[in-house]
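Engineer: target25.txt (compact mmCIF, C-alpha atoms) pasted underneath:
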```txt
# COMPACT_ATOMS: atom_id res chain seq x y z
CA MET A 1 0.00 0.00 0.00
CA THR A 2 0.99 3.66 -0.18
CA TYR A 3 0.34 6.92 1.65
CA THR A 4 -0.18 10.19 -0.16
CA LEU A 5 1.16 13.32 1.52
CA ASP A 6 1.35 16.71 -0.18
CA GLY A 7 1.06 15.04 -3.58
CA ALA A 8 3.96 12.66 -2.89
CA THR A 9 3.43 8.91 -2.88
CA ILE A 10 5.07 7.16 0.06
CA PRO A 11 5.44 3.39 -0.19
CA ALA A 12 4.54 1.05 2.68
CA ASP A 13 4.11 -2.70 3.06
CA GLU A 14 0.73 -4.44 2.86
CA GLU A 15 0.06 -3.75 6.54
CA GLY A 16 0.96 -0.06 6.31
CA TYR A 17 4.49 -0.06 7.79
CA LEU A 18 6.73 2.40 5.95
CA SER A 19 9.13 0.84 3.44
CA ASP A 20 11.72 3.57 3.98
CA LEU A 21 12.04 4.61 7.61
CA SER A 22 13.94 7.76 6.71
CA VAL A 23 10.95 9.46 5.02
CA TRP A 24 9.05 9.67 8.33
CA ASN A 25 7.91 13.03 9.65
CA LYS A 26 5.17 14.28 11.98
CA GLU A 27 2.68 14.98 9.20
CA LEU A 28 3.12 11.47 7.85
CA ALA A 29 2.70 10.08 11.37
CA GLY A 30 -0.58 11.98 11.66
CA LEU A 31 -1.73 10.53 8.35
CA ILE A 32 -0.87 6.96 9.35
CA ALA A 33 -2.63 7.51 12.68
CA LYS A 34 -5.75 8.71 10.88
CA ASP A 35 -5.70 5.49 8.85
CA GLU A 36 -5.66 3.64 12.19
CA ASN A 37 -8.56 5.76 13.48
CA ILE A 38 -6.37 7.42 16.06
CA GLU A 39 -6.48 11.12 16.79
CA MET A 40 -2.99 11.96 18.02
CA ASN A 41 -2.74 13.83 21.32
CA ASP A 42 0.26 14.52 23.58
CA ASP A 43 -0.03 11.10 25.22
CA HIS A 44 0.12 9.35 21.84
CA TRP A 45 3.10 11.44 20.80
CA GLU A 46 4.90 10.62 24.01
CA VAL A 47 4.72 6.90 23.24
CA VAL A 48 5.55 7.38 19.56
CA ASN A 49 8.58 9.51 20.42
CA PHE A 50 9.61 6.99 23.05
CA LEU A 51 9.53 4.24 20.41
CA ARG A 52 11.59 6.29 17.99
CA ASP A 53 14.22 6.84 20.69
CA TYR A 54 14.17 3.12 21.50
CA TYR A 55 14.69 2.25 17.84
CA GLU A 56 17.49 4.78 17.50
CA GLU A 57 19.27 3.20 20.45
CA TYR A 58 18.68 -0.51 19.77
CA GLN A 59 17.82 -0.70 16.05
CA ILE A 60 14.69 -2.77 16.67
CA ALA A 61 11.04 -2.20 17.43
CA PRO A 62 10.36 -3.77 20.85
CA ALA A 63 7.82 -6.49 21.57
CA ILE A 64 4.84 -5.34 23.64
CA ARG A 65 6.11 -6.76 26.93
CA VAL A 66 9.46 -5.07 26.45
CA LEU A 67 7.82 -1.79 25.43
CA THR A 68 5.62 -1.81 28.53
CA LYS A 69 8.59 -2.43 30.78
CA ALA A 70 10.72 0.24 29.10
CA VAL A 71 7.89 2.81 29.29
CA LYS A 72 7.45 2.00 32.96
CA LYS A 73 11.12 2.55 33.62
CA SER A 74 11.21 5.83 31.76
CA LEU A 75 7.73 7.36 32.16
CA GLY A 76 6.54 5.73 35.38
CA ASP A 77 3.98 3.20 36.60
CA ASP A 78 0.97 5.26 35.44
CA LYS A 79 2.03 4.82 31.82
CA GLY A 80 4.06 1.64 31.86
CA ASN A 81 1.11 -0.75 31.92
CA SER A 82 -0.92 -2.58 29.30
CA LYS A 83 -4.19 -0.84 30.14
CA TYR A 84 -2.86 2.66 29.58
CA LEU A 85 -1.08 1.72 26.35
CA TYR A 86 -4.08 -0.19 24.96
CA GLU A 87 -6.33 2.77 25.67
CA LEU A 88 -4.08 4.90 23.50
CA PHE A 89 -3.56 2.23 20.82
CA PRO A 90 -6.54 -0.16 20.95
CA TYR A 91 -5.27 -2.52 18.24
CA GLY A 92 -2.00 -3.20 19.99
CA PRO A 93 0.40 -0.59 21.34
CA ALA A 94 3.51 -2.14 19.87
CA LYS A 95 2.02 -2.75 16.42
CA GLN A 96 0.03 0.46 16.03
CA ALA A 97 2.43 2.85 17.72
CA CYS A 98 5.37 1.40 15.75
CA LYS A 99 3.48 1.90 12.51
CA ILE A 100 2.74 5.52 13.39
CA ALA A 101 6.35 6.00 14.50
CA GLY A 102 7.51 4.83 11.07
CA LEU A 103 9.25 1.76 12.47
CA PRO A 104 9.16 -1.86 11.28
CA LYS A 105 6.72 -4.32 12.80
CA PRO A 106 7.96 -5.32 16.27
CA THR A 107 10.25 -8.32 16.45
CA GLY A 108 8.35 -11.09 18.17
CA CYS A 109 5.07 -10.33 16.41
CA ILE A 110 4.38 -13.05 13.89
CA MET B 1 1.91 -12.81 17.85
CA ALA B 2 -1.41 -11.91 19.37
CA GLU B 3 -1.20 -9.00 21.74
CA GLU B 4 -3.14 -9.60 24.91
CA PHE B 5 -3.82 -7.74 28.11
CA ASP B 6 -2.37 -10.60 30.03
CA ASP B 7 1.40 -10.23 29.77
CA GLU B 8 2.08 -13.65 31.24
CA PHE B 9 2.68 -16.65 29.02
CA ASP B 10 1.36 -19.85 30.54
CA GLY B 11 2.71 -22.41 28.07
CA PRO B 12 5.67 -24.72 28.60
CA VAL B 13 9.06 -23.13 29.16
CA LYS B 14 12.09 -24.80 27.62
CA ARG B 15 15.77 -24.07 28.00
CA PHE B 16 17.01 -22.77 24.65
CA LEU B 17 20.68 -22.25 23.91
CA PHE B 18 21.66 -20.38 20.76
CA VAL B 19 25.23 -21.00 19.66
CA ASN B 20 26.56 -18.22 17.44
CA ARG B 21 29.64 -19.24 15.49
CA LYS B 22 29.80 -17.02 12.45
CA ALA B 23 31.00 -13.47 11.73
CA PRO B 24 28.17 -10.91 11.92
CA TYR B 25 28.16 -9.89 8.27
CA GLY B 26 28.61 -11.74 4.98
CA THR B 27 25.93 -14.30 5.81
CA VAL B 28 22.50 -13.92 7.39
CA TYR B 29 23.17 -16.39 10.23
CA ALA B 30 23.97 -13.86 12.96
CA LEU B 31 21.01 -11.58 12.29
CA GLU B 32 18.57 -14.46 11.82
CA SER B 33 19.75 -16.09 15.03
CA LEU B 34 19.29 -12.81 16.90
CA GLU B 35 15.74 -12.50 15.58
CA VAL B 36 14.89 -16.02 16.73
CA VAL B 37 16.40 -15.19 20.12
CA LEU B 38 14.13 -12.15 20.43
CA ILE B 39 11.08 -14.15 19.39
CA SER B 40 11.92 -16.95 21.86
CA ALA B 41 12.32 -14.36 24.59
CA ALA B 42 9.01 -12.70 23.66
CA PHE B 43 7.42 -16.09 24.35
CA ASP B 44 9.03 -16.14 27.80
CA GLN B 45 11.36 -19.01 27.12
CA ASP B 46 14.55 -19.60 29.10
CA VAL B 47 17.13 -18.32 26.62
CA SER B 48 20.93 -18.41 26.74
CA LEU B 49 23.43 -17.37 24.08
CA VAL B 50 26.93 -18.58 23.36
CA PHE B 51 29.39 -16.76 21.14
CA MET B 52 32.28 -18.82 19.87
CA ASP B 53 34.61 -19.09 16.85
CA ASP B 54 34.08 -16.03 14.62
CA GLY B 55 30.74 -15.54 16.37
CA VAL B 56 32.58 -13.54 19.03
CA PHE B 57 32.88 -10.75 16.45
CA GLN B 58 29.09 -10.30 16.61
CA ILE B 59 29.39 -8.55 19.97
CA VAL B 60 32.60 -6.61 19.42
CA LYS B 61 32.30 -2.87 20.21
CA ASP B 62 32.39 -0.04 17.68
CA GLN B 63 31.30 -1.90 14.58
CA ASN B 64 31.05 0.22 11.46
CA THR B 65 29.21 -1.17 8.45
CA ASP B 66 29.24 1.97 6.28
CA GLY B 67 31.66 0.40 3.81
CA ILE B 68 29.50 -2.67 3.16
CA ASN B 69 26.14 -0.91 3.05
CA ILE B 70 24.53 -3.24 5.59
CA LYS B 71 22.64 -2.20 8.72
CA ASN B 72 24.79 -2.32 11.83
CA PHE B 73 22.60 -4.41 14.11
CA SER B 74 25.20 -4.83 16.86
CA ARG B 75 23.38 -2.39 19.14
CA THR B 76 20.42 -4.75 19.20
CA TYR B 77 22.43 -7.11 21.42
CA ARG B 78 22.21 -4.40 24.06
CA ALA B 79 18.39 -4.66 23.91
CA LEU B 80 18.56 -8.30 25.06
CA GLU B 81 18.58 -7.26 28.71
CA GLY B 82 15.15 -5.65 28.21
CA TYR B 83 13.94 -9.01 26.86
CA ASP B 84 15.25 -10.66 30.04
CA VAL B 85 17.95 -12.43 28.07
CA GLU B 86 20.87 -12.03 30.41
CA LYS B 87 22.73 -15.30 30.07
CA LEU B 88 25.40 -14.53 27.50
CA TYR B 89 28.50 -16.71 27.34
CA VAL B 90 31.68 -16.42 25.32
CA GLU B 91 34.14 -19.21 24.73
CA LYS B 92 37.49 -18.31 26.28
CA GLU B 93 39.57 -20.04 23.61
CA SER B 94 37.76 -18.25 20.74
CA LEU B 95 38.26 -14.88 22.39
CA GLU B 96 41.96 -15.46 23.03
CA ALA B 97 42.63 -16.82 19.54
CA ARG B 98 41.35 -13.51 18.14
CA GLY B 99 43.33 -11.32 20.51
CA LEU B 100 40.14 -10.08 22.19
CA SER B 101 39.16 -9.62 25.81
CA GLU B 102 35.89 -8.94 27.66
CA ASP B 103 36.67 -5.21 27.43
CA ASP B 104 36.26 -5.38 23.65
CA LEU B 105 32.65 -6.56 23.92
CA LEU B 106 29.54 -4.39 23.91
CA VAL B 107 27.49 -6.45 26.36
CA PRO B 108 28.32 -8.06 29.70
CA VAL B 109 29.18 -11.74 29.25
CA GLU B 110 30.47 -14.68 31.19
CA VAL B 111 33.63 -16.19 29.73
CA LEU B 112 33.71 -20.00 29.89
CA ASP B 113 36.26 -22.51 28.63
CA SER B 114 35.16 -25.16 26.17
CA LYS B 115 34.72 -27.79 28.87
CA ALA B 116 32.33 -25.59 30.86
CA LEU B 117 30.47 -24.75 27.64
CA SER B 118 30.01 -28.39 26.88
CA GLU B 119 28.38 -28.87 30.28
CA LEU B 120 26.16 -25.86 29.62
CA MET B 121 25.03 -27.38 26.31
CA ASN B 122 24.23 -30.68 27.96
CA ALA B 123 21.90 -28.93 30.39
CA GLN B 124 19.63 -27.52 27.65
CA ASP B 125 16.36 -28.75 26.16
CA VAL B 126 17.14 -27.24 22.76
CA VAL B 127 20.47 -26.20 21.23
CA ILE B 128 20.38 -24.18 18.03
CA SER B 129 23.65 -23.54 16.25
CA ALA B 130 23.99 -20.77 13.68
```
Produce structure tokens that represent the structure in this file.

Structural biologist:
Amino acid sequence: MTYTLDGATIPADEEGYLSDLSVWNKELAGLIAKDENIEMNDDHWEVVNFLRDYYEEYQIAPAIRVLTKAVKKSLGDDKGNSKYLYELFPYGPAKQACKIAGLPKPTGCI
Amino acid sequence: MAEEFDDEFDGPVKRFLFVNRKAPYGTVYALESLEVVLISAAFDQDVSLVFMDDGVFQIVKDQNTDGINIKNFSRTYRALEGYDVEKLYVEKESLEARGLSEDDLLVPVEVLDSKALSELMNAQDVVISA
């Protein structure tokens, strides 16, 4: 599939993950989020930015359990739990938030 | 993998040992093995890793892959701790034969001689060599 932003066509795989991670920007993230029926607010951005930092450091998209634990460590107990993350990203925090963050599908998701 | 509210995995837990013997680049073995390690860990299995022969180069610090146009995935080994994969072993003889020491490695490891490694392998349910 592809995304269209400002007249440019941006390629993605059949599930909507960007083919080229380097083309990501905030507008594109908003567009992908819209496709996922998510209206981005500060809480969504916090998780998306967290994932981008994680990827920058470790070169992988974390599995959900690892994401939850890392969020807990960095943003506290209120946010580092499944309930909070699923409320933000109902179809799976790791999968949906990674897609919006322009990252590959998390390793450990088959 | 289905994402569920329940973070706990209730299925059987086996002892997996992944034996990494090849240089990180030039073949897909190292990267593929690392991916299987991450998947095994995501399923809450008891995972250990051994680096021996040229496999010790997989966890050498300061890798630079610019010249071969391949993604440098060495930093991913540092994510293993977050996956609760903390049992990393390096064969002493392999390290010494390559003029390396623990200080040259990017993750904390336990250095074992080949005899101790053999005992470690015998204690596993599954040994996967790559």

Engineer: Hey, list the chain A side of the contact with chain B: 12 Å cut-off, all atoms listed in the file, answer as a tab-separated table (two decimals) with C-alpha atoms, in the coordinates of the input.

Structural biologist:
```tsv
chain	number	residue	atom	x	y	z
A	54	TYR	CA	14.17	3.12	21.50
A	55	TYR	CA	14.69	2.25	17.84
A	56	GLU	CA	17.49	4.78	17.50
A	57	GLU	CA	19.27	3.20	20.45
A	58	TYR	CA	18.68	-0.51	19.77
A	59	GLN	CA	17.82	-0.70	16.05
A	60	ILE	CA	14.69	-2.77	16.67
A	61	ALA	CA	11.04	-2.20	17.43
A	62	PRO	CA	10.36	-3.77	20.85
A	63	ALA	CA	7.82	-6.49	21.57
A	64	ILE	CA	4.84	-5.34	23.64
A	65	ARG	CA	6.11	-6.76	26.93
A	66	VAL	CA	9.46	-5.07	26.45
A	67	LEU	CA	7.82	-1.79	25.43
A	68	THR	CA	5.62	-1.81	28.53
A	69	LYS	CA	8.59	-2.43	30.78
A	70	ALA	CA	10.72	0.24	29.10
A	71	VAL	CA	7.89	2.81	29.29
A	72	LYS	CA	7.45	2.00	32.96
A	73	LYS	CA	11.12	2.55	33.62
A	81	ASN	CA	1.11	-0.75	31.92
A	82	SER	CA	-0.92	-2.58	29.30
A	83	LYS	CA	-4.19	-0.84	30.14
A	84	TYR	CA	-2.86	2.66	29.58
A	85	LEU	CA	-1.08	1.72	26.35
A	86	TYR	CA	-4.08	-0.19	24.96
A	87	GLU	CA	-6.33	2.77	25.67
A	89	PHE	CA	-3.56	2.23	20.82
A	90	PRO	CA	-6.54	-0.16	20.95
A	91	TYR	CA	-5.27	-2.52	18.24
A	92	GLY	CA	-2.00	-3.20	19.99
A	93	PRO	CA	0.40	-0.59	21.34
A	94	ALA	CA	3.51	-2.14	19.87
A	95	LYS	CA	2.02	-2.75	16.42
A	96	GLN	CA	0.03	0.46	16.03
A	105	LYS	CA	6.72	-4.32	12.80
A	106	PRO	CA	7.96	-5.32	16.27
A	107	THR	CA	10.25	-8.32	16.45
A	108	GLY	CA	8.35	-11.09	18.17
A	109	CYS	CA	5.07	-10.33	16.41
A	110	ILE	CA	4.38	-13.05	13.89
```

Engineer: Determine the nearest neighbour of B:Asp104 from the options B:Val60, B:Ala23, B:Val28, B:Val13, counting all atoms listed in the file.

Structural biologist: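 Result for the nearest residue to B:Asp104: B:Val60.
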
Engineer: Find the distance between atom CA of B:Val47 and atom CA of A:Asp77 and write it in Å to one decimal.

Structural biologist: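 Taking atom CA of B:Val47 as the start and atom CA of A:Asp77 as the end point, the length is 27.1 Å.
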
Engineer: Mind pulling up the distance from atom CA of B:Leu34 to atom CA of A:Gly102?

Structural biologist: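 Answer for the atom CA of A:Gly102 to atom CA of B:Leu34 separation: 22.0 Å.
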
Engineer: Considering all atoms listed in the file, state which residue in the set A:Leu18, A:Ala29, A:Ile38, A:Cys98 is at the smallest distance from A:Thr2.

Structural biologist: A:Leu18

Engineer: Tell me, in Å to one decimal, how far atom CA of B:Val109 is from atom CA of B:Val90.

Structural biologist: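 Interatomic distance, atom CA of B:Val109 to atom CA of B:Val90: 6.6 Å.
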
Engineer: Could you check the closest approach to A:Glu27 for each of A:Pro104, A:Trp45, A:Leu51, A:Leu5 and tell me which residue wins, using all atoms listed in the file?

Structural biologist: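 Of the candidates, the smallest distance to A:Glu27 is held by A:Leu5.
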
Engineer: Just save stretch 98-126 of chain B with N, CA and C atoms, as a PDB file, in the first residue's frame.

Structural biologist:
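For reference, decode.pdb as written:
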```pdb
ATOM      1  N   ARG B  98      41.550 -14.711  18.964  1.00  0.00           N
ATOM      2  CA  ARG B  98      41.350 -13.513  18.136  1.00  0.00           C
ATOM      3  C   ARG B  98      41.919 -12.258  18.796  1.00  0.00           C
ATOM      4  N   GLY B  99      42.697 -12.450  19.850  1.00  0.00           N
ATOM      5  CA  GLY B  99      43.327 -11.315  20.515  1.00  0.00           C
ATOM      6  C   GLY B  99      42.336 -10.383  21.173  1.00  0.00           C
ATOM      7  N   LEU B 100      41.178 -10.922  21.588  1.00  0.00           N
ATOM      8  CA  LEU B 100      40.138 -10.081  22.191  1.00  0.00           C
ATOM      9  C   LEU B 100      40.025 -10.377  23.685  1.00  0.00           C
ATOM     10  N   SER B 101      39.464  -9.401  24.401  1.00  0.00           N
ATOM     11  CA  SER B 101      39.157  -9.624  25.809  1.00  0.00           C
ATOM     12  C   SER B 101      37.739  -9.134  26.076  1.00  0.00           C
ATOM     13  N   GLU B 102      37.247  -9.372  27.288  1.00  0.00           N
ATOM     14  CA  GLU B 102      35.894  -8.935  27.657  1.00  0.00           C
ATOM     15  C   GLU B 102      35.690  -7.438  27.433  1.00  0.00           C
ATOM     16  N   ASP B 103      36.779  -6.654  27.593  1.00  0.00           N
ATOM     17  CA  ASP B 103      36.669  -5.206  27.426  1.00  0.00           C
ATOM     18  C   ASP B 103      36.327  -4.797  25.996  1.00  0.00           C
ATOM     19  N   ASP B 104      36.553  -5.694  25.053  1.00  0.00           N
ATOM     20  CA  ASP B 104      36.259  -5.375  23.646  1.00  0.00           C
ATOM     21  C   ASP B 104      34.802  -5.645  23.291  1.00  0.00           C
ATOM     22  N   LEU B 105      34.018  -6.144  24.237  1.00  0.00           N
ATOM     23  CA  LEU B 105      32.647  -6.564  23.924  1.00  0.00           C
ATOM     24  C   LEU B 105      31.621  -5.536  24.373  1.00  0.00           C
ATOM     25  N   LEU B 106      30.510  -5.452  23.640  1.00  0.00           N
ATOM     26  CA  LEU B 106      29.543  -4.392  23.906  1.00  0.00           C
ATOM     27  C   LEU B 106      28.446  -4.781  24.892  1.00  0.00           C
ATOM     28  N   VAL B 107      28.448  -6.017  25.342  1.00  0.00           N
ATOM     29  CA  VAL B 107      27.492  -6.452  26.358  1.00  0.00           C
ATOM     30  C   VAL B 107      28.235  -7.236  27.437  1.00  0.00           C
ATOM     31  N   PRO B 108      27.689  -7.249  28.666  1.00  0.00           N
ATOM     32  CA  PRO B 108      28.322  -8.061  29.702  1.00  0.00           C
ATOM     33  C   PRO B 108      28.156  -9.551  29.405  1.00  0.00           C
ATOM     34  N   VAL B 109      29.235 -10.298  29.537  1.00  0.00           N
ATOM     35  CA  VAL B 109      29.182 -11.737  29.249  1.00  0.00           C
ATOM     36  C   VAL B 109      29.893 -12.510  30.355  1.00  0.00           C
ATOM     37  N   GLU B 110      29.687 -13.806  30.344  1.00  0.00           N
ATOM     38  CA  GLU B 110      30.472 -14.685  31.192  1.00  0.00           C
ATOM     39  C   GLU B 110      31.379 -15.494  30.271  1.00  0.00           C
ATOM     40  N   VAL B 111      32.670 -15.460  30.559  1.00  0.00           N
ATOM     41  CA  VAL B 111      33.627 -16.191  29.727  1.00  0.00           C
ATOM     42  C   VAL B 111      33.807 -17.596  30.302  1.00  0.00           C
ATOM     43  N   LEU B 112      33.590 -18.599  29.458  1.00  0.00           N
ATOM     44  CA  LEU B 112      33.714 -19.996  29.891  1.00  0.00           C
ATOM     45  C   LEU B 112      34.682 -20.735  28.979  1.00  0.00           C
ATOM     46  N   ASP B 113      35.412 -21.707  29.526  1.00  0.00           N
ATOM     47  CA  ASP B 113      36.256 -22.510  28.629  1.00  0.00           C
ATOM     48  C   ASP B 113      35.394 -23.588  27.966  1.00  0.00           C
ATOM     49  N   SER B 114      35.974 -24.270  26.993  1.00  0.00           N
ATOM     50  CA  SER B 114      35.156 -25.157  26.173  1.00  0.00           C
ATOM     51  C   SER B 114      34.559 -26.305  26.981  1.00  0.00           C
ATOM     52  N   LYS B 115      35.253 -26.712  28.040  1.00  0.00           N
ATOM     53  CA  LYS B 115      34.724 -27.786  28.869  1.00  0.00           C
ATOM     54  C   LYS B 115      33.449 -27.335  29.598  1.00  0.00           C
ATOM     55  N   ALA B 116      33.505 -26.133  30.152  1.00  0.00           N
ATOM     56  CA  ALA B 116      32.335 -25.593  30.859  1.00  0.00           C
ATOM     57  C   ALA B 116      31.173 -25.372  29.884  1.00  0.00           C
ATOM     58  N   LEU B 117      31.508 -24.952  28.654  1.00  0.00           N
ATOM     59  CA  LEU B 117      30.467 -24.746  27.643  1.00  0.00           C
ATOM     60  C   LEU B 117      29.778 -26.046  27.277  1.00  0.00           C
ATOM     61  N   SER B 118      30.568 -27.092  27.213  1.00  0.00           N
ATOM     62  CA  SER B 118      30.015 -28.394  26.877  1.00  0.00           C
ATOM     63  C   SER B 118      29.006 -28.835  27.937  1.00  0.00           C
ATOM     64  N   GLU B 119      29.322 -28.557  29.203  1.00  0.00           N
ATOM     65  CA  GLU B 119      28.376 -28.872  30.282  1.00  0.00           C
ATOM     66  C   GLU B 119      27.102 -28.032  30.163  1.00  0.00           C
ATOM     67  N   LEU B 120      27.301 -26.759  29.796  1.00  0.00           N
ATOM     68  CA  LEU B 120      26.160 -25.864  29.616  1.00  0.00           C
ATOM     69  C   LEU B 120      25.231 -26.398  28.519  1.00  0.00           C
ATOM     70  N   MET B 121      25.841 -26.859  27.427  1.00  0.00           N
ATOM     71  CA  MET B 121      25.035 -27.384  26.306  1.00  0.00           C
ATOM     72  C   MET B 121      24.252 -28.619  26.728  1.00  0.00           C
ATOM     73  N   ASN B 122      24.894 -29.452  27.519  1.00  0.00           N
ATOM     74  CA  ASN B 122      24.228 -30.682  27.961  1.00  0.00           C
ATOM     75  C   ASN B 122      23.018 -30.416  28.840  1.00  0.00           C
ATOM     76  N   ALA B 123      22.992 -29.243  29.457  1.00  0.00           N
ATOM     77  CA  ALA B 123      21.903 -28.928  30.386  1.00  0.00           C
ATOM     78  C   ALA B 123      20.677 -28.323  29.695  1.00  0.00           C
ATOM     79  N   GLN B 124      20.725 -28.187  28.358  1.00  0.00           N
ATOM     80  CA  GLN B 124      19.632 -27.521  27.646  1.00  0.00           C
ATOM     81  C   GLN B 124      18.582 -28.501  27.122  1.00  0.00           C
ATOM     82  N   ASP B 125      17.375 -27.969  26.878  1.00  0.00           N
ATOM     83  CA  ASP B 125      16.365 -28.752  26.155  1.00  0.00           C
ATOM     84  C   ASP B 125      16.595 -28.658  24.645  1.00  0.00           C
ATOM     85  N   VAL B 126      16.969 -27.468  24.195  1.00  0.00           N
ATOM     86  CA  VAL B 126      17.145 -27.239  22.755  1.00  0.00           C
ATOM     87  C   VAL B 126      18.435 -26.458  22.532  1.00  0.00           C
TER      88      VAL B 126
END
```
